[in-house]
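Visitor: final_38.tsv (TSV, C-alpha atoms) pasted underneath:
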chain	number	residue	atom	x	y	z
N	13	MET	CA	26.72	-16.08	3.82
N	14	LEU	CA	27.40	-13.09	6.06
N	15	THR	CA	27.08	-13.49	9.82
N	16	GLU	CA	27.68	-11.18	12.75
N	17	ARG	CA	31.13	-12.67	13.34
N	18	LEU	CA	32.34	-11.37	9.96
N	19	ALA	CA	31.84	-7.70	10.83
N	20	ALA	CA	35.52	-7.03	11.51
N	21	GLU	CA	36.60	-8.66	8.25
N	22	VAL	CA	34.15	-6.59	6.18
N	23	ALA	CA	35.26	-3.40	7.93
N	24	THR	CA	38.93	-4.23	7.40
N	25	VAL	CA	38.57	-4.98	3.69
N	26	PHE	CA	36.76	-1.69	3.06
N	27	GLY	CA	38.84	0.35	5.54
N	28	LEU	CA	35.89	1.37	7.68
N	29	GLY	CA	37.39	1.50	11.15
N	30	GLY	CA	37.25	-0.65	14.26
N	31	ASP	CA	34.66	-1.97	16.70
N	32	ALA	CA	32.67	-3.29	13.77
N	33	VAL	CA	29.23	-4.77	14.34
N	34	LEU	CA	26.97	-6.32	11.70
N	35	VAL	CA	23.25	-6.00	12.36
N	36	GLY	CA	20.65	-7.85	10.38
N	37	PRO	CA	19.87	-8.71	7.76
N	38	VAL	CA	17.86	-5.48	7.88
N	39	ALA	CA	16.40	-5.91	4.39
N	40	ALA	CA	16.14	-8.69	1.85
N	41	GLY	CA	14.99	-9.07	-1.73
N	42	ARG	CA	14.98	-11.62	-4.48
N	43	VAL	CA	18.64	-11.14	-5.34
N	44	GLY	CA	20.24	-10.68	-1.94
N	45	GLN	CA	20.14	-9.07	1.47
N	46	ILE	CA	21.49	-6.04	3.28
N	47	TRP	CA	23.20	-5.81	6.65
N	48	ARG	CA	23.89	-2.68	8.67
N	49	LEU	CA	27.56	-2.28	9.52
N	50	ASP	CA	28.38	-0.03	12.48
N	51	THR	CA	32.01	1.01	13.04
N	52	THR	CA	33.98	3.78	14.72
N	53	ARG	CA	33.83	5.69	11.45
N	54	GLY	CA	30.09	5.53	10.97
N	55	ARG	CA	27.29	3.38	9.63
N	56	TYR	CA	27.25	1.52	6.31
N	57	ALA	CA	25.12	-0.87	4.29
N	58	ALA	CA	26.80	-4.18	3.45
N	59	LYS	CA	25.14	-6.01	0.58
N	60	GLU	CA	25.55	-9.65	-0.33
N	61	SER	CA	24.11	-11.28	-3.44
N	62	SER	CA	22.30	-14.58	-3.57
N	63	TYR	CA	23.58	-15.23	-7.08
N	64	GLY	CA	26.85	-13.30	-7.31
N	65	TRP	CA	27.95	-10.24	-9.23
N	66	GLU	CA	30.24	-10.14	-12.23
N	67	PRO	CA	33.15	-7.86	-11.25
N	68	ALA	CA	33.01	-5.98	-14.56
N	69	ASP	CA	29.29	-5.37	-14.13
N	70	ALA	CA	29.78	-4.21	-10.54
N	71	ASP	CA	32.55	-1.82	-11.57
N	72	ARG	CA	30.40	-0.41	-14.37
N	73	ASP	CA	27.30	0.19	-12.27
N	74	ALA	CA	29.36	1.64	-9.39
N	75	ALA	CA	30.99	4.09	-11.81
N	76	PHE	CA	27.55	5.06	-13.06
N	77	GLN	CA	26.28	5.59	-9.50
N	78	GLU	CA	29.25	7.82	-8.73
N	79	LYS	CA	28.64	9.87	-11.87
N	80	VAL	CA	24.97	10.29	-11.06
N	81	ARG	CA	25.70	11.25	-7.45
N	82	ALA	CA	28.21	13.83	-8.63
N	83	GLN	CA	25.37	15.52	-10.55
N	84	GLY	CA	23.45	16.09	-7.32
N	85	VAL	CA	21.08	13.12	-7.24
N	86	PRO	CA	20.48	12.24	-3.56
N	87	MET	CA	21.70	8.67	-3.08
N	88	PRO	CA	24.09	6.58	-0.95
N	89	ALA	CA	27.77	6.84	-1.84
N	90	VAL	CA	29.59	3.75	-3.10
N	91	VAL	CA	32.31	2.55	-0.72
N	92	ARG	CA	35.38	1.00	-2.34
N	93	SER	CA	38.06	-1.16	-0.79
N	94	ALA	CA	41.58	0.12	-0.20
N	95	SER	CA	42.52	-1.19	-3.65
N	96	GLY	CA	39.58	0.60	-5.26
N	97	ALA	CA	37.54	-2.57	-5.78
N	98	VAL	CA	33.76	-2.57	-5.53
N	99	LEU	CA	33.46	-6.25	-4.58
N	100	ALA	CA	35.19	-8.20	-1.86
N	101	ASP	CA	35.15	-11.89	-1.00
N	102	VAL	CA	34.36	-12.35	2.68
N	103	ASP	CA	34.32	-15.93	3.88
N	104	GLY	CA	33.07	-17.12	0.50
N	105	SER	CA	30.43	-14.39	0.07
N	106	GLN	CA	30.61	-11.52	-2.39
N	107	VAL	CA	30.09	-8.27	-0.50
N	108	ARG	CA	29.79	-4.66	-1.58
N	109	VAL	CA	29.34	-1.67	0.70
N	110	CYS	CA	27.68	1.73	0.40
N	111	GLU	CA	26.95	4.64	2.68
N	112	TRP	CA	24.06	4.09	5.11
N	113	VAL	CA	21.08	6.42	4.75
N	114	ASP	CA	18.26	6.53	7.28
N	115	VAL	CA	14.92	6.66	5.47
N	116	LEU	CA	11.26	6.87	6.37
N	117	GLU	CA	8.69	4.28	5.42
N	118	PRO	CA	7.52	4.74	1.81
N	119	THR	CA	4.26	6.60	1.16
N	120	ASN	CA	1.45	5.26	-1.06
N	121	VAL	CA	1.90	7.73	-3.98
N	122	VAL	CA	3.51	5.26	-6.40
N	123	PRO	CA	1.25	2.25	-5.69
N	124	ASP	CA	-1.86	4.46	-5.82
N	125	ALA	CA	-0.73	6.13	-9.05
N	126	VAL	CA	0.01	2.78	-10.66
N	127	ALA	CA	-3.38	1.41	-9.57
N	128	ALA	CA	-5.08	4.44	-11.13
N	129	GLU	CA	-3.47	3.64	-14.48
N	130	ALA	CA	-5.85	0.70	-14.74
N	131	LEU	CA	-8.58	3.27	-15.41
N	132	LEU	CA	-7.03	4.41	-18.70
N	133	ALA	CA	-9.30	3.93	-21.71
N	134	PRO	CA	-9.44	5.23	-25.30
N	135	PRO	CA	-11.38	8.48	-25.72
N	136	ASP	CA	-14.88	8.32	-27.14
N	137	ALA	CA	-16.90	10.98	-28.96
N	138	VAL	CA	-13.61	12.52	-30.01
N	139	ARG	CA	-13.49	16.15	-31.05
N	140	TRP	CA	-10.89	18.92	-31.03
N	141	CYS	CA	-10.05	19.88	-27.42
N	142	HIS	CA	-7.69	22.33	-25.74
N	143	LEU	CA	-5.90	19.50	-23.84
N	144	ASP	CA	-4.09	21.85	-21.45
N	145	LEU	CA	-6.74	23.66	-19.43
N	146	TRP	CA	-4.69	24.12	-16.28
N	147	ALA	CA	-5.07	27.24	-14.17
N	148	ASP	CA	-2.02	28.97	-15.63
N	149	ASN	CA	-3.70	28.87	-19.04
N	150	VAL	CA	-7.06	30.29	-17.91
N	151	LEU	CA	-6.46	33.82	-16.63
N	152	ARG	CA	-8.32	37.06	-16.07
N	153	THR	CA	-7.83	40.18	-18.18
N	154	PRO	CA	-7.58	43.65	-16.60
N	155	GLY	CA	-11.29	44.09	-17.30
N	156	GLY	CA	-12.17	41.02	-15.22
N	157	ALA	CA	-13.02	38.65	-18.08
N	158	LEU	CA	-11.42	35.24	-18.52
N	159	THR	CA	-9.15	34.37	-21.41
N	160	VAL	CA	-7.92	30.91	-22.41
N	161	LEU	CA	-4.28	30.77	-23.50
N	162	ASP	CA	-1.81	28.25	-24.92
N	163	TRP	CA	-3.73	26.56	-27.70
N	164	GLU	CA	-0.63	25.10	-29.33
N	165	ASN	CA	-1.18	21.70	-27.71
N	166	SER	CA	-4.82	21.40	-28.75
N	167	GLY	CA	-5.86	18.27	-30.60
N	168	PRO	CA	-8.31	15.36	-30.72
N	169	GLY	CA	-9.66	14.25	-27.39
N	170	SER	CA	-12.71	13.42	-25.34
N	171	PRO	CA	-14.72	16.38	-23.97
N	172	SER	CA	-15.80	14.15	-21.08
N	173	GLN	CA	-12.21	13.39	-20.19
N	174	GLU	CA	-11.31	17.07	-20.42
N	175	LEU	CA	-14.27	17.88	-18.17
N	176	MET	CA	-12.91	15.53	-15.51
N	177	ALA	CA	-9.54	17.31	-15.66
N	178	VAL	CA	-11.21	20.72	-15.34
N	179	LEU	CA	-13.24	19.61	-12.31
N	180	PHE	CA	-10.05	18.34	-10.68
N	181	GLU	CA	-8.10	21.54	-11.36
N	182	TYR	CA	-10.73	24.11	-10.51
N	183	GLY	CA	-12.78	22.12	-8.02
N	184	CYS	CA	-9.78	22.06	-5.66
N	185	GLY	CA	-11.16	18.93	-3.99
N	186	ASP	CA	-14.29	20.79	-2.84
N	187	PRO	CA	-17.49	18.89	-3.78
N	188	HIS	CA	-19.52	22.12	-3.78
N	189	ARG	CA	-17.12	23.85	-6.18
N	190	MET	CA	-17.16	20.81	-8.47
N	191	ARG	CA	-20.96	20.62	-8.48
N	192	GLU	CA	-21.27	24.35	-9.27
N	193	LEU	CA	-18.73	24.15	-12.07
N	194	HIS	CA	-20.28	21.00	-13.52
N	195	ALA	CA	-23.78	22.51	-13.43
N	196	ALA	CA	-22.55	25.68	-15.17
N	197	TYR	CA	-20.79	23.59	-17.82
N	198	VAL	CA	-23.91	21.56	-18.57
N	199	ALA	CA	-26.13	24.67	-18.57
N	200	ALA	CA	-23.81	26.34	-21.09
N	201	GLY	CA	-24.16	23.39	-23.46
N	202	GLY	CA	-20.85	21.69	-22.81
N	203	PRO	CA	-20.76	18.35	-24.67
N	204	GLY	CA	-18.93	16.26	-22.07
N	205	ARG	CA	-20.66	13.99	-19.57
N	206	LEU	CA	-19.02	11.99	-16.82
N	207	THR	CA	-20.09	8.35	-16.92
N	208	GLY	CA	-17.39	6.53	-14.98
N	209	ARG	CA	-13.80	6.17	-13.94
N	210	ALA	CA	-12.52	5.93	-17.52
N	211	ASP	CA	-13.25	9.65	-17.89
N	212	ALA	CA	-10.14	10.25	-15.76
N	213	THR	CA	-7.90	9.08	-18.63
N	214	MET	CA	-6.85	12.55	-19.82
N	215	LEU	CA	-6.29	13.79	-16.27
N	216	LEU	CA	-4.12	10.78	-15.41
N	217	ALA	CA	-2.13	11.06	-18.63
N	218	GLN	CA	-1.53	14.79	-18.17
N	219	THR	CA	-0.40	14.60	-14.55
N	220	ALA	CA	1.88	11.63	-15.27
N	221	HIS	CA	3.36	13.51	-18.21
N	222	ILE	CA	4.03	16.53	-15.99
N	223	ALA	CA	5.86	14.31	-13.48
N	224	MET	CA	7.85	12.51	-16.18
N	225	THR	CA	8.85	15.74	-17.91
N	226	GLY	CA	9.85	17.32	-14.62
N	227	CYS	CA	12.06	14.34	-13.76
N	228	LYS	CA	13.76	14.32	-17.18
N	229	ARG	CA	14.39	18.05	-17.10
N	230	TRP	CA	15.64	17.89	-13.50
N	231	LEU	CA	18.21	15.28	-14.48
N	232	ALA	CA	19.31	17.44	-17.41
N	233	SER	CA	19.47	20.63	-15.33
N	234	THR	CA	22.79	22.38	-14.95
N	235	THR	CA	21.86	25.08	-12.41
N	236	ASP	CA	20.10	25.17	-9.06
N	237	ALA	CA	17.43	27.43	-10.55
N	238	GLN	CA	16.66	24.88	-13.25
N	239	ARG	CA	16.55	22.07	-10.71
N	240	ASP	CA	14.21	24.04	-8.44
N	241	ASP	CA	11.90	24.85	-11.36
N	242	ASN	CA	11.65	21.23	-12.46
N	243	ALA	CA	11.32	19.95	-8.90
N	244	ALA	CA	8.22	22.14	-8.71
N	245	TRP	CA	6.82	20.34	-11.75
N	246	VAL	CA	7.26	17.00	-10.02
N	247	GLY	CA	5.85	18.51	-6.84
N	248	GLU	CA	2.58	19.23	-8.63
N	249	PHE	CA	2.20	15.48	-9.14
N	250	LEU	CA	3.42	14.41	-5.69
N	251	ASP	CA	1.53	17.04	-3.67
N	252	GLU	CA	-1.83	16.27	-5.25
N	253	PRO	CA	-1.66	12.82	-6.89
N	254	VAL	CA	-4.61	11.57	-8.90
N	255	THR	CA	-5.75	8.31	-7.33
N	256	ILE	CA	-8.84	6.15	-7.68
N	257	ASP	CA	-10.23	7.85	-4.57
N	258	THR	CA	-9.69	11.23	-6.24
N	259	VAL	CA	-11.62	10.11	-9.31
N	260	ASP	CA	-14.45	8.65	-7.25
N	261	ALA	CA	-14.74	11.87	-5.24
N	262	ILE	CA	-15.24	13.85	-8.45
N	263	LEU	CA	-17.86	11.41	-9.70
N	264	ASP	CA	-19.70	11.55	-6.38
N	265	ALA	CA	-19.60	15.35	-6.33
N	266	VAL	CA	-21.41	15.63	-9.66
N	267	GLY	CA	-23.96	12.97	-8.81
N	268	GLN	CA	-22.45	10.21	-10.93
N	269	PRO	CA	-21.72	7.31	-8.57
N	270	ASN	CA	-21.22	4.88	-11.46
N	271	ARG	CA	-17.65	3.63	-11.20
N	272	GLY	CA	-17.45	2.10	-14.66
N	273	LEU	CA	-14.06	0.42	-14.99
N	274	THR	CA	-12.80	-1.22	-11.83
N	275	PRO	CA	-9.10	-2.07	-11.55
I need this file expressed as structure tokens, please.
Guide:
Amino acid sequence: MLTERLAAEVATVFGLGGDAVLVGPVAAGRVGQIWRLDTTRGRYAAKESSYGWEPADADRDAAFQEKVRAQGVPMPAVVRSASGAVLADVDGSQVRVCEWVDVLEPTNVVPDAVAAEALLAPPDAVRWCHLDLWADNVLRTPGGALTVLDWENSGPGSPSQELMAVLFEYGCGDPHRMRELHAAYVAAGGPGRLTGRADATMLLAQTAHIAMTGCKRWLASTTDAQRDDNAAWVGEFLDEPVTIDTVDAILDAVGQPNRGLTP
């Protein structure tokens, strides 16, 4: 097990300079712990495993990390020993080292998004729906009228679930806007009716799909312009995530406090 007294040995093996100091452990998980290693050359993360790494596996995943980092993914750099090894034995402990990166505390986007997935439910009263009624598909003509574009993705769905998505997109988080839009929809004979949290299913699926597609396309991008474009896709999800609170706010705005499914 690593201790503060082993700082110099770790720094020597990985060629990281003098005046080494190990601080920590600063983080721990189920498979090991991480120490901060400060030297004259900089700051590093020294990782030790509770169960040990297979050298071949460590070499393979380090090579993968280096390949990914070379493509522009922001991540700590792998530090290899003078001989090019990923692992080193330090006083009986397997140790690997990577660049130290200062990070902020995580936000609640992922936990909240995962919690909202508990609301997903099969659509009821299925009929043919547009399924992509985002603002860039509902535009004005030169004469001032609205036109609805991009019908290629239309298919079977729940009008109530599509209504929830429309209230999210065009309500802009404003209860008054959502109430006005909902009232106009009902007055015009729209078939959807919000009855509970499960009506957020289409909205949750669409926003998650946007984020997933943006991530996949970002990773496949070969130019800065492509990366910027796909980062904007992911930004749509991160900047305005759909959470349980978001869903409840829409239900409250239209006078439907029934929560239905509760995660």
Visitor: With distances taken over all atoms listed in the file, which residue among N:Asp144, N:Gly156, N:Leu132, N:Gly247 lies nearest N:Val259?
Guide: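 Of all the options, N:Leu132 lies closest to N:Val259.
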Visitor: Quick one: of N:Val107, N:Val102, N:Arg72, N:Pro134, who's nearest to N:Gly44, counting all atoms listed in the file?
Guide: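 Of the candidates, the smallest distance to N:Gly44 is held by N:Val107.
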Visitor: Between N:Met214, N:Val246, N:Ile262, N:Leu231, which is the closest to N:Gly84 once you count all atoms listed in the file?
Guide: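 Among the listed residues, N:Leu231 lies closest to N:Gly84.
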Visitor: Go through N:Thr213, N:Asn242, N:Ser233, N:Thr258 one by one, measure the shortest atom-to-atom distance of each to N:Gln173 using only C-alpha atoms, and give the residue with the smallest value.
Guide: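 Between N:Thr213, N:Asn242, N:Ser233, N:Thr258, the residue approaching N:Gln173 most closely is N:Thr213.
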Visitor: Using 3 Å of padding on each side, determine the axis-aligned box around all atoms of stretch 248-264 of chain N present in the file and give its centre and edge lengths in Å to one decimal, as lines of an AutoDock Vina configuration file.
Guide:
center_x = -8.1
center_y = 12.7
center_z = -6.7
size_x = 29.1
size_y = 19.1
size_z = 12.0
Visitor: So which residues fall inside 9 Å of (0.2, 19.4, -28.4) if we count only C-alpha atoms? Mind giving them as an mmCIF file with C-alpha atoms, keeping the file's coordinate frame?
Guide:
data_model
loop_
_atom_site.group_PDB
_atom_site.id
_atom_site.type_symbol
_atom_site.label_atom_id
_atom_site.label_comp_id
_atom_site.auth_asym_id
_atom_site.auth_seq_id
_atom_site.Cartn_x
_atom_site.Cartn_y
_atom_site.Cartn_z
ATOM 1 C CA HIS N 142 -7.690 22.330 -25.740
ATOM 2 C CA LEU N 143 -5.900 19.500 -23.840
ATOM 3 C CA ASP N 144 -4.090 21.850 -21.450
ATOM 4 C CA TRP N 163 -3.730 26.560 -27.700
ATOM 5 C CA GLU N 164 -0.630 25.100 -29.330
ATOM 6 C CA ASN N 165 -1.180 21.700 -27.710
ATOM 7 C CA SER N 166 -4.820 21.400 -28.750
ATOM 8 C CA GLY N 167 -5.860 18.270 -30.600
#
Visitor: Counting all atoms listed in the file, figure out which residue out of N:Glu174, N:Glu252, N:Asp73, N:Asp264 gets nearest to N:Met190.
Guide: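 Of all the options, N:Asp264 lies closest to N:Met190.
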Visitor: Kindly provide, as a list in words, the polymer residues lying within 10 Å of (38.1, -0.6, -9.6), counting only C-alpha atoms and using the coordinates exactly as they appear in the file.
Guide: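 Neighbouring residues, ordered by chain and number, come to Pro67, Ala68, Ala70, Asp71, Arg72, Ala74, Ala75, Arg92, Ser93, Ser95, Gly96, Ala97, Val98 and Leu99 of chain N.
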Visitor: Any chance you could build stretch 62-73 of chain N out to N, CA and C atoms and write it as a short mmCIF file (atom, residue, chain, number, x, y, z; two decimals), in the frame of the given file?
Guide:
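Result written to part.cif:
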data_model
loop_
_atom_site.label_atom_id
_atom_site.label_comp_id
_atom_site.auth_asym_id
_atom_site.auth_seq_id
_atom_site.Cartn_x
_atom_site.Cartn_y
_atom_site.Cartn_z
N SER N 62 22.63 -13.16 -3.61
CA SER N 62 22.30 -14.58 -3.57
C SER N 62 22.86 -15.32 -4.77
N TYR N 63 23.17 -14.59 -5.84
CA TYR N 63 23.58 -15.23 -7.08
C TYR N 63 24.97 -14.80 -7.54
N GLY N 64 25.52 -13.77 -6.93
CA GLY N 64 26.85 -13.30 -7.31
C GLY N 64 26.81 -12.19 -8.34
N TRP N 65 27.81 -11.32 -8.26
CA TRP N 65 27.95 -10.24 -9.23
C TRP N 65 29.17 -10.50 -10.11
N GLU N 66 29.07 -10.13 -11.37
CA GLU N 66 30.24 -10.14 -12.23
C GLU N 66 31.05 -8.89 -11.91
N PRO N 67 32.34 -9.03 -11.62
CA PRO N 67 33.15 -7.86 -11.25
C PRO N 67 33.06 -6.72 -12.26
N ALA N 68 33.08 -7.04 -13.54
CA ALA N 68 33.01 -5.98 -14.56
C ALA N 68 31.68 -5.24 -14.48
N ASP N 69 30.61 -6.01 -14.25
CA ASP N 69 29.29 -5.37 -14.13
C ASP N 69 29.22 -4.49 -12.89
N ALA N 70 29.80 -4.98 -11.78
CA ALA N 70 29.78 -4.21 -10.54
C ALA N 70 30.58 -2.92 -10.68
N ASP N 71 31.74 -3.02 -11.35
CA ASP N 71 32.55 -1.82 -11.57
C ASP N 71 31.80 -0.81 -12.43
N ARG N 72 31.12 -1.31 -13.46
CA ARG N 72 30.40 -0.41 -14.37
C ARG N 72 29.25 0.29 -13.66
N ASP N 73 28.45 -0.47 -12.90
CA ASP N 73 27.30 0.19 -12.27
C ASP N 73 27.73 1.10 -11.12
#
